[in-house]
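Q: If you scroll down you'll find the structure; I have some questions about it.
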Amino acid sequence: MNSSSDRLHSLRFVWDRIIKPPYSGIGVVVCLYVLTVCLIYQFNGPFTGHIVGFDDKVRMVQVLNLINGGGWYDRTIMRANPPEGFETIWARIVDLPIAAIILLAQIFVEQKTAALAAAVIVPFAELILLFFAARYAARPLVGKYESWLVVLFVAMTSVLNRPGLTFSGFLVGEASHRSWYIILNVLMTGAVARIALGVRGRAPDIWLSIAIGLFLAVGIEGFPLIAGAVAVLAGIAWGFNAPQLARRSAKAVAEGAFLGFLLLLAQRPPEKLLDVLFTQPSILGPIIISAAALFLVAEVYILRHLGKRKTLSLISLVLCAVLIASSLVYCFPQMLDGAASGLSPRERALVMGAHSEAWTMFNATKTTGQFIGLAAPSIIAVVAGLVACRSATSRRQRIKYLAYLGLTAVSGCMAQIYWRYIHHAMVAACPWLLWLWQNIRQRLPRNNAFAPMSCLIFVALGPFWMLVVPILDADAPSAAQIFAFPAKAYFQPARCDVLEFARYLDEHYPSETLLNVLDSDSASFLYYTNLRIDFLANYPSHDKFLDNIAFFKSQDANSSSEIAARHKFDLVALCRLFPMSPDMIASRPYRNPMMLERLIEGQPPAWLKPVNTGLQTNFLLFEVDKKALAEAGK
């Protein structure tokens with residue numbers, strides 16, 4: 001009897017943690033839900049031997065190179081883009097947790113299996129960190145009583161709502177840096193809000209410094225978000241004539257720049273420590289953030305002397321910002337090009353048209369409905385923030401609402417300009433969505449008859465826009481997409497499963513063999529085989545993007561043969577299920593076939609010899625007949 005009573009008491013305790021304030025069990029339940037659906041729905045995920053994303057496969061190759069004896073500062077993958085090799089722009093700091101799991105797991109299993117274990121454990125651990133960071137960010141706005149409920153909104157965002165959206169890094173099977181950007185932005189939001197509110201103690205300053213320092217260490221994507229956070233703090237300090245806020249902010253930002261510099265010492269060799277790079281972590285990051293801290297220091301003096309003369313102080317601040325920004329641009333003009341600064345003119349022209357993450361949200365979304373669905377959370381959050389500011393009854397409330405409103409607007413605007421920031425916008429909107437849900441629920445009569453209404457309002461504020469509308473164009477059943485959305489990337493098998501085909505290549509060809517594949521398949525063959533890959537579809541590529549496109553899509557066989565001879569291909573592989581665009585299909589009867597069409601249709605040129613692999617695979621394999629290729633070039 002006591003045993004049964006104890007079990008019932010334990011179950012009641014767990015149940016109460018979920019359904020009653022402070023709702024501390026909500027995060028655990030959502031995490032278990034995410035893990036469960038990812039375990040159940042597996043076609044091309046880590047539990048069937050697959051790393052999920054393009055960048056994730058390349059990242060894992062970088063990590064395995066390090067584990068297998070590569071230098072800490074050496075991030076060049078020599079098997080890709082020979083003879084120069086491919087030097088990744090990704091910081092080592094993200095490799096550390098992945099490498100740690102692999103080193104531990106490979107004691108018990110072979111290394112590739114250990115890598116799959118890391119691709120499950122690390123993203124899931126990062127999701128847990130995101131939930132804690134989200135609560136930290138939301139608590140000043142929604143209060144301690146219900147702050148854990150923000151996880152319900154975060155779980156419905158595009159962080160897990162893929163494919164079809166730019167990757168975020170939290171899905172099991174991924175091993176990228178994007179998840180860290182989102183975690184750090186959420187952490188920075190919570191710290192900025194507390195600093196703006198004047199919360200006592202050093203904790204908010206330390207968290208802001210850590211967020212900024214790690215942002216600089218992970219990559220360059222965080223620059224606009226850091227600049228937005230500084231602008232919000234500076235704007236509040238000016239609006240409320242608070243030089244003490246500007247001073248505190250300047251100190252925290254400067255400490256973040258210093259931490260970024262210390263982390264840079266661990267990522268750049270001493271002889272290259274002061275090299276200015278525009279596509280990866282370098283001394284440029286601490287310089288830019290130090291300039292932001294300098295602006296805040298200047299604001300302290302401006303507010304102390306001109307604080308009561310609002311127009312004059314604003315003009316002074318604008319002139320100061322323009323002067324600092326102009327000085328940075330004068331010294332480092334390439335910074336205006338952002339990530340594109342490391343590309344040649346030919347690559348830059350290609351990336352802006354072909355790389356969807358560089359597009360605006362409107363151009364990147366499939367339909368107007370999907371655009372509205374993804375933009376709606378930010379719009380709702382901004383409207384809620386404006387309403388809150390108008391209804392604020394105290395100075396502290398106005399500061400709090402303006403801090404959250406500013407940060408939400410920054411993320412939302414960035415997502416409209418660059419599609420890759422969509423996750424930042426969606427997650428930044430979540431505290432406001434919870435705040436709005438709280439306020440609407442408080443106005444409902446407190447009886448059970450209105451409980452369904454509260455649930456419908458929750459769905460309308462979050463899941464409807466964050467989940468339902470964006471997936472309407474997906475090629476899978478809507479019910480499955482909605483109720484098992486964290487695993488929906490696994491519902492459809494890959495066009496061509498590479499695993500068995502990759503094993504065949506490794507067994508039948510030496511490691512020095514040079515393989516040419518379509519850009520979209522290049523990371524898969526880099527990770528799953530030991531062969532050399534002629535072209536890895538990432539930047540910088542030594543201008544091989546155009547050659548790869550020209551080889552497979554040229555209607556002139558001589559052009560393709562010239563590229564094959566110049567690159568010295570040994571093998572060419574192609575998935576026969578290559579997705580043809582409507583324009584390609586419609587124009588096919590009126591033009592010569594492209595090389596990829598000739599290969600798929602069984603009409604290869606004489607210098608490409610089909611290989612009968614004996615496999616049940618949709619991959620086609622061709623050996624390059626060097627003698628026939630030389631004859632074709634004459």
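Note on naming: chains are A, B, ... as they come in the structure tokens, residues start from 1 per chain, ligands start from 1 in the order shown.
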For the contact check between region 120-195 of chain A and region 246-261 of chain A, emit one row per residue of region 120-195 of chain A within 12 Å, containing the shortest atom pair and the distance in Å rounded to one decimal, counting only C-alpha atoms, chain then rising number order, as JSON lines.
A:
```
{"residue": "A:Met188", "atom": "CA", "partner": "A:Val253", "partner_atom": "CA", "distance": 11.0}
{"residue": "A:Ala191", "atom": "CA", "partner": "A:Ala252", "partner_atom": "CA", "distance": 10.1}
{"residue": "A:Val192", "atom": "CA", "partner": "A:Ser249", "partner_atom": "CA", "distance": 8.5}
{"residue": "A:Ala193", "atom": "CA", "partner": "A:Ser249", "partner_atom": "CA", "distance": 11.2}
{"residue": "A:Arg194", "atom": "CA", "partner": "A:Ser249", "partner_atom": "CA", "distance": 10.9}
{"residue": "A:Ile195", "atom": "CA", "partner": "A:Ser249", "partner_atom": "CA", "distance": 7.3}
```
Q: Considering only C-alpha atoms, return as an MDAnalysis selection string whatever protein or nucleic-acid residues lie within 12 Å of Gly285 (chain A), sequence-local ones (same chain, fewer than 2 positions apart) excluded.
A: chainID A and resid 212:224 226:227 254 256:264 273:283 287:292 328 332 335
Q: Take the residues just selected and output them with N, CA and C atoms as a compact mmCIF listing (two decimals), in the first residue's frame.
A:
```txt
# COMPACT_ATOMS: atom_id res chain seq x y z
N ILE A 212 28.48 38.04 -26.29
CA ILE A 212 29.22 38.78 -27.32
C ILE A 212 30.53 38.07 -27.66
N GLY A 213 31.28 37.66 -26.63
CA GLY A 213 32.55 36.99 -26.87
C GLY A 213 32.39 35.70 -27.66
N LEU A 214 31.38 34.90 -27.32
CA LEU A 214 31.14 33.66 -28.04
C LEU A 214 30.60 33.93 -29.44
N PHE A 215 29.78 34.96 -29.60
CA PHE A 215 29.33 35.36 -30.93
C PHE A 215 30.54 35.59 -31.84
N LEU A 216 31.52 36.34 -31.33
CA LEU A 216 32.71 36.64 -32.12
C LEU A 216 33.52 35.38 -32.41
N ALA A 217 33.52 34.43 -31.47
CA ALA A 217 34.31 33.22 -31.63
C ALA A 217 33.67 32.23 -32.61
N VAL A 218 32.34 32.22 -32.66
CA VAL A 218 31.65 31.25 -33.52
C VAL A 218 31.69 31.67 -34.98
N GLY A 219 31.50 32.95 -35.27
CA GLY A 219 31.50 33.40 -36.66
C GLY A 219 31.04 34.84 -36.77
N ILE A 220 30.82 35.27 -38.01
CA ILE A 220 30.51 36.68 -38.26
C ILE A 220 29.02 36.97 -38.28
N GLU A 221 28.18 35.94 -38.20
CA GLU A 221 26.74 36.16 -38.32
C GLU A 221 26.18 37.00 -37.18
N GLY A 222 26.86 37.02 -36.05
CA GLY A 222 26.34 37.73 -34.89
C GLY A 222 26.54 39.23 -34.93
N PHE A 223 27.37 39.76 -35.86
CA PHE A 223 27.66 41.20 -35.86
C PHE A 223 26.40 42.06 -35.90
N PRO A 224 25.46 41.84 -36.83
CA PRO A 224 24.27 42.70 -36.86
C PRO A 224 23.44 42.61 -35.58
N ILE A 226 24.57 41.90 -32.50
CA ILE A 226 25.27 42.65 -31.45
C ILE A 226 25.07 44.15 -31.65
N ALA A 227 25.20 44.59 -32.90
CA ALA A 227 25.00 46.01 -33.20
C ALA A 227 23.59 46.44 -32.82
N ALA A 254 32.62 46.18 -23.83
CA ALA A 254 34.09 46.14 -23.90
C ALA A 254 34.62 44.81 -23.36
N GLY A 256 33.03 42.03 -23.49
CA GLY A 256 32.72 41.06 -24.53
C GLY A 256 33.77 41.07 -25.64
N ALA A 257 34.21 42.28 -26.03
CA ALA A 257 35.25 42.40 -27.05
C ALA A 257 36.55 41.77 -26.56
N PHE A 258 36.87 41.98 -25.29
CA PHE A 258 38.09 41.41 -24.72
C PHE A 258 38.01 39.88 -24.68
N LEU A 259 36.84 39.36 -24.29
CA LEU A 259 36.66 37.91 -24.28
C LEU A 259 36.78 37.35 -25.70
N GLY A 260 36.21 38.07 -26.67
CA GLY A 260 36.34 37.65 -28.06
C GLY A 260 37.80 37.57 -28.49
N PHE A 261 38.60 38.54 -28.02
CA PHE A 261 40.03 38.53 -28.35
C PHE A 261 40.72 37.34 -27.69
N LEU A 262 40.39 37.06 -26.42
CA LEU A 262 41.01 35.92 -25.74
C LEU A 262 40.67 34.61 -26.45
N LEU A 263 39.42 34.47 -26.88
CA LEU A 263 39.02 33.26 -27.60
C LEU A 263 39.70 33.18 -28.96
N LEU A 264 39.99 34.34 -29.54
CA LEU A 264 40.68 34.37 -30.82
C LEU A 264 42.09 33.81 -30.68
N LEU A 273 47.49 36.17 -35.86
CA LEU A 273 46.53 36.70 -34.89
C LEU A 273 45.97 38.05 -35.32
N LEU A 274 46.79 38.87 -35.92
CA LEU A 274 46.35 40.22 -36.28
C LEU A 274 45.87 40.32 -37.73
N ASP A 275 45.76 39.20 -38.43
CA ASP A 275 45.23 39.22 -39.79
C ASP A 275 43.75 39.59 -39.75
N VAL A 276 43.35 40.50 -40.62
CA VAL A 276 41.95 40.91 -40.71
C VAL A 276 41.26 40.08 -41.77
N LEU A 277 40.26 39.30 -41.36
CA LEU A 277 39.50 38.46 -42.28
C LEU A 277 38.04 38.89 -42.21
N PHE A 278 37.33 38.72 -43.32
CA PHE A 278 35.96 39.21 -43.40
C PHE A 278 34.93 38.09 -43.48
N THR A 279 35.38 36.85 -43.53
CA THR A 279 34.44 35.73 -43.66
C THR A 279 34.49 34.78 -42.48
N GLN A 280 35.36 35.02 -41.53
CA GLN A 280 35.49 34.12 -40.38
C GLN A 280 36.05 34.90 -39.20
N PRO A 281 36.00 34.31 -38.00
CA PRO A 281 36.50 35.02 -36.82
C PRO A 281 37.93 35.51 -37.01
N SER A 282 38.15 36.76 -36.70
CA SER A 282 39.48 37.36 -36.81
C SER A 282 39.54 38.56 -35.87
N ILE A 283 40.64 39.28 -35.90
CA ILE A 283 40.81 40.44 -35.04
C ILE A 283 39.78 41.52 -35.38
N ILE A 287 37.73 44.39 -32.84
CA ILE A 287 37.86 45.79 -33.23
C ILE A 287 36.48 46.43 -33.37
N ILE A 288 35.59 45.78 -34.09
CA ILE A 288 34.24 46.33 -34.30
C ILE A 288 33.50 46.49 -32.99
N ILE A 289 33.57 45.47 -32.12
CA ILE A 289 32.85 45.54 -30.84
C ILE A 289 33.49 46.58 -29.92
N SER A 290 34.79 46.73 -29.99
CA SER A 290 35.44 47.80 -29.22
C SER A 290 34.96 49.16 -29.69
N ALA A 291 34.74 49.30 -31.00
CA ALA A 291 34.21 50.56 -31.53
C ALA A 291 32.80 50.81 -30.99
N ALA A 292 32.01 49.74 -30.86
CA ALA A 292 30.67 49.90 -30.27
C ALA A 292 30.76 50.35 -28.81
N LEU A 328 35.56 52.93 -39.45
CA LEU A 328 35.67 51.49 -39.64
C LEU A 328 35.63 51.11 -41.12
N PHE A 332 38.43 49.32 -43.12
CA PHE A 332 38.11 47.96 -43.54
C PHE A 332 36.94 47.99 -44.54
N MET A 335 34.26 45.14 -45.20
CA MET A 335 33.26 44.72 -44.23
C MET A 335 31.85 45.01 -44.71
```
Q: Set the distance at 6 Å and use only C-alpha atoms: which residues neighbour Ser179 (chain A) once local chain neighbours fewer than 4 positions away are removed? I'd like the list as a list in words.
A: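 In the requested format, the answer is Ser168, Gly169 and Phe170 of chain A.
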Q: Could you pull out the alpha helix (DSSP H) residues of region 383-468 of chain A, going by DSSP on the backbone, and write them as a PyMOL selection string?
A: chain A and resi 383-391+395-417+422-443+451-461+463
Q: Measuring atom to atom with only C-alpha atoms, identify which of A:Leu461, A:Ile399, A:Met361, A:Leu608 is nearest to Ala376 (chain A).
A: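 Closest to Ala376 (chain A), using only C-alpha atoms: A:Leu461.
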Q: If DSSP is run on the backbone, what residues of region 70-140 of chain A are strand (DSSP E or B)? A reply as a PyMOL selection string would be ideal.
A: chain A and resi 76-77+80+86-87
Q: Next, write the just-selected residues to a file, as a compact mmCIF listing (two decimals), in the first residue's frame, keeping N, CA and C atoms as the atom set.
A:
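Result file follows (result.txt):
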```txt
# COMPACT_ATOMS: atom_id res chain seq x y z
N THR A 76 42.04 23.02 -43.31
CA THR A 76 41.99 22.76 -44.74
C THR A 76 41.69 21.29 -44.99
N ILE A 77 40.64 21.02 -45.75
CA ILE A 77 40.26 19.66 -46.13
C ILE A 77 40.87 19.39 -47.50
N ALA A 80 39.01 17.87 -50.73
CA ALA A 80 38.02 18.67 -51.46
C ALA A 80 38.71 19.78 -52.24
N PHE A 86 40.21 22.70 -49.54
CA PHE A 86 39.14 23.61 -49.13
C PHE A 86 39.36 24.01 -47.67
N GLU A 87 39.65 25.29 -47.44
CA GLU A 87 39.82 25.79 -46.08
C GLU A 87 38.49 26.30 -45.57
```
Q: Quick one: residues within 10 Å of Leu314 (chain A), only C-alpha atoms counted, chain neighbours fewer than 5 positions away excluded, as a PyMOL selection string?
A: chain A and resi 235+238-239+299+302-303+306-307+309+319-320
Q: Could you give me, as JSON lines, every region 178-204 of chain A residue with an atom at most 12 Å from region 112-124 of chain A, plus its closest atom pair and distance in Å to one decimal, counting only C-alpha atoms, rows ordered by chain then number?
A:
```
{"residue": "A:Arg178", "atom": "CA", "partner": "A:Pro123", "partner_atom": "CA", "distance": 10.4}
{"residue": "A:Ser179", "atom": "CA", "partner": "A:Pro123", "partner_atom": "CA", "distance": 7.8}
{"residue": "A:Trp180", "atom": "CA", "partner": "A:Pro123", "partner_atom": "CA", "distance": 9.8}
{"residue": "A:Ile183", "atom": "CA", "partner": "A:Pro123", "partner_atom": "CA", "distance": 11.6}
```
Q: Would you output that residue set with C-alpha atoms, as a PDB file, in the first residue's frame?
A:
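Final file, part.pdb:
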```pdb
ATOM      1  CA  ARG A 178      23.812  27.862 -36.426  1.00  0.00           C
ATOM      2  CA  SER A 179      22.255  26.572 -33.211  1.00  0.00           C
ATOM      3  CA  TRP A 180      24.894  28.440 -31.205  1.00  0.00           C
ATOM      4  CA  ILE A 183      21.262  30.322 -28.232  1.00  0.00           C
TER       5      ILE A 183
END
```
Q: When you count only C-alpha atoms, which of these residues is closest to Ala557 (chain A): A:Leu629, A:Met584, A:Ala415, A:Leu518?
A: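 So, comparing all the options, the nearest one is A:Leu629.
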Q: Using only C-alpha atoms, pick whichever of A:Ile417, A:Val232, A:Val427, A:Leu531 has the shortest atom-to-atom distance to Ala403 (chain A).
A: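 Distance minimum relative to Ala403 (chain A) lands on A:Val232.
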Q: Could you name the residues that touch Ile563 (chain A) at 9 Å or less, counting only C-alpha atoms, but leaving out those on the same chain fewer than 6 positions away, as a ChimeraX atom specification?
A: /A:547-548,550-551,569
Q: For the residues in that selection, give me C-alpha atoms as a PDB file, in the first residue's frame.
A:
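Dumped everything to result.pdb:
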```pdb
ATOM      1  CA  ASP A 547      32.845  24.822 -63.816  1.00  0.00           C
ATOM      2  CA  ASN A 548      30.649  22.368 -61.924  1.00  0.00           C
ATOM      3  CA  ALA A 550      28.878  24.146 -66.767  1.00  0.00           C
ATOM      4  CA  PHE A 551      29.942  20.489 -66.767  1.00  0.00           C
ATOM      5  CA  PHE A 569      38.325  13.699 -63.421  1.00  0.00           C
TER       6      PHE A 569
END
```
Q: For each of A:Val28, A:Asn65, A:Val58, A:Asp583, take the minimum atom-to-atom distance to Leu129 (chain A), counting only C-alpha atoms, then give the residue where this is smallest.
A: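 Smallest separation from Leu129 (chain A) among the options: A:Val28.
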Q: Considering only C-alpha atoms, state which residue in the set A:Cys413, A:Val151, A:Ala349, A:Ala564 is at the smallest distance from Leu514 (chain A).
A: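 Looking only at the distances to Leu514 (chain A), the closest residue turns out to be A:Ala564.
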Q: Quick one, how far is CA of His567 (chain A) from CA of Phe535 (chain A)?
A: 9.9 Å
Q: Env of region 377-391 of chain A: 12 Å cut, atoms = only C-alpha atoms, seq-sep filter 6 positions within chain, self excluded. Answer as an NGL selection string.
A: :A and (141 or 153-154 or 156-158 or 371 or 397-416 or 422-440 or 459-467 or 469-470)
Q: Restricting the output to C-alpha atoms, write the selected residues as a short mmCIF file (atom, residue, chain, number, x, y, z; two decimals), in the first residue's frame.
A:
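Contents of the output file part_10.cif:
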```
data_model
loop_
_atom_site.label_atom_id
_atom_site.label_comp_id
_atom_site.auth_asym_id
_atom_site.auth_seq_id
_atom_site.Cartn_x
_atom_site.Cartn_y
_atom_site.Cartn_z
CA LEU A 141 8.87 40.39 -19.50
CA PHE A 153 6.25 28.88 -28.19
CA VAL A 154 9.94 28.26 -28.85
CA MET A 156 6.80 25.67 -32.38
CA THR A 157 9.19 28.01 -34.18
CA SER A 158 11.19 27.45 -37.33
CA PHE A 371 5.74 34.53 -46.19
CA GLN A 397 7.73 49.29 -17.40
CA ARG A 398 8.41 51.53 -20.37
CA ILE A 399 12.13 50.67 -20.28
CA LYS A 400 11.34 46.97 -20.10
CA TYR A 401 8.88 47.07 -22.99
CA LEU A 402 11.15 49.22 -25.15
CA ALA A 403 14.11 46.87 -24.61
CA TYR A 404 12.15 43.83 -25.73
CA LEU A 405 10.44 45.72 -28.54
CA GLY A 406 13.76 46.98 -29.89
CA LEU A 407 15.41 43.56 -29.82
CA THR A 408 12.39 41.93 -31.47
CA ALA A 409 12.34 44.57 -34.19
CA VAL A 410 16.07 44.12 -34.87
CA SER A 411 15.71 40.36 -35.35
CA GLY A 412 12.55 40.76 -37.41
CA CYS A 413 14.12 43.32 -39.74
CA MET A 414 17.24 41.21 -40.17
CA ALA A 415 15.08 38.24 -41.18
CA GLN A 416 13.34 40.35 -43.81
CA ILE A 422 14.44 33.82 -39.76
CA HIS A 423 15.15 31.72 -36.65
CA HIS A 424 16.35 34.74 -34.70
CA ALA A 425 13.14 36.57 -35.59
CA MET A 426 10.89 33.68 -34.63
CA VAL A 427 12.56 33.00 -31.28
CA ALA A 428 12.80 36.72 -30.41
CA ALA A 429 9.04 36.99 -30.91
CA CYS A 430 8.27 34.23 -28.39
CA PRO A 431 8.46 36.27 -25.14
CA TRP A 432 6.01 38.78 -26.60
CA LEU A 433 3.66 36.01 -27.76
CA LEU A 434 3.64 34.58 -24.23
CA TRP A 435 3.11 38.06 -22.77
CA LEU A 436 0.16 38.60 -25.10
CA TRP A 437 -1.30 35.19 -24.22
CA GLN A 438 -0.99 36.03 -20.52
CA ASN A 439 -2.80 39.32 -20.91
CA ILE A 440 -5.62 37.88 -23.00
CA VAL A 459 -2.74 28.15 -31.09
CA ALA A 460 -3.67 31.35 -32.91
CA LEU A 461 -0.77 33.31 -31.44
CA GLY A 462 1.97 30.72 -31.90
CA PRO A 463 1.56 27.32 -33.55
CA PHE A 464 -0.82 28.48 -36.26
CA TRP A 465 1.65 31.00 -37.70
CA MET A 466 4.88 29.33 -36.63
CA LEU A 467 4.01 25.79 -37.67
CA VAL A 469 0.98 28.04 -42.19
CA PRO A 470 4.67 27.62 -43.12
#
```
Q: Near Tyr509 (chain A), counting only C-alpha atoms, which residues have an atom at most 10 Å away, once you skip same-chain residues fewer than 3 positions from it, shown as a list of chain:residue names?
A: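 So the residues in contact are A:Tyr504, A:Leu505, A:Asp506, A:Glu512, A:Thr513, A:Leu514, A:Asn530, A:Leu531, A:Asp570, A:Leu571.
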Q: Compare A:Phe545, A:Ala321, A:Gly53, A:Ile101 by their minimum atom-to-atom distance to Arg346 (chain A), counting only C-alpha atoms, and give me the closest one.
A: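 Going through A:Phe545, A:Ala321, A:Gly53, A:Ile101 one by one, the smallest distance to Arg346 (chain A) is for A:Phe545.
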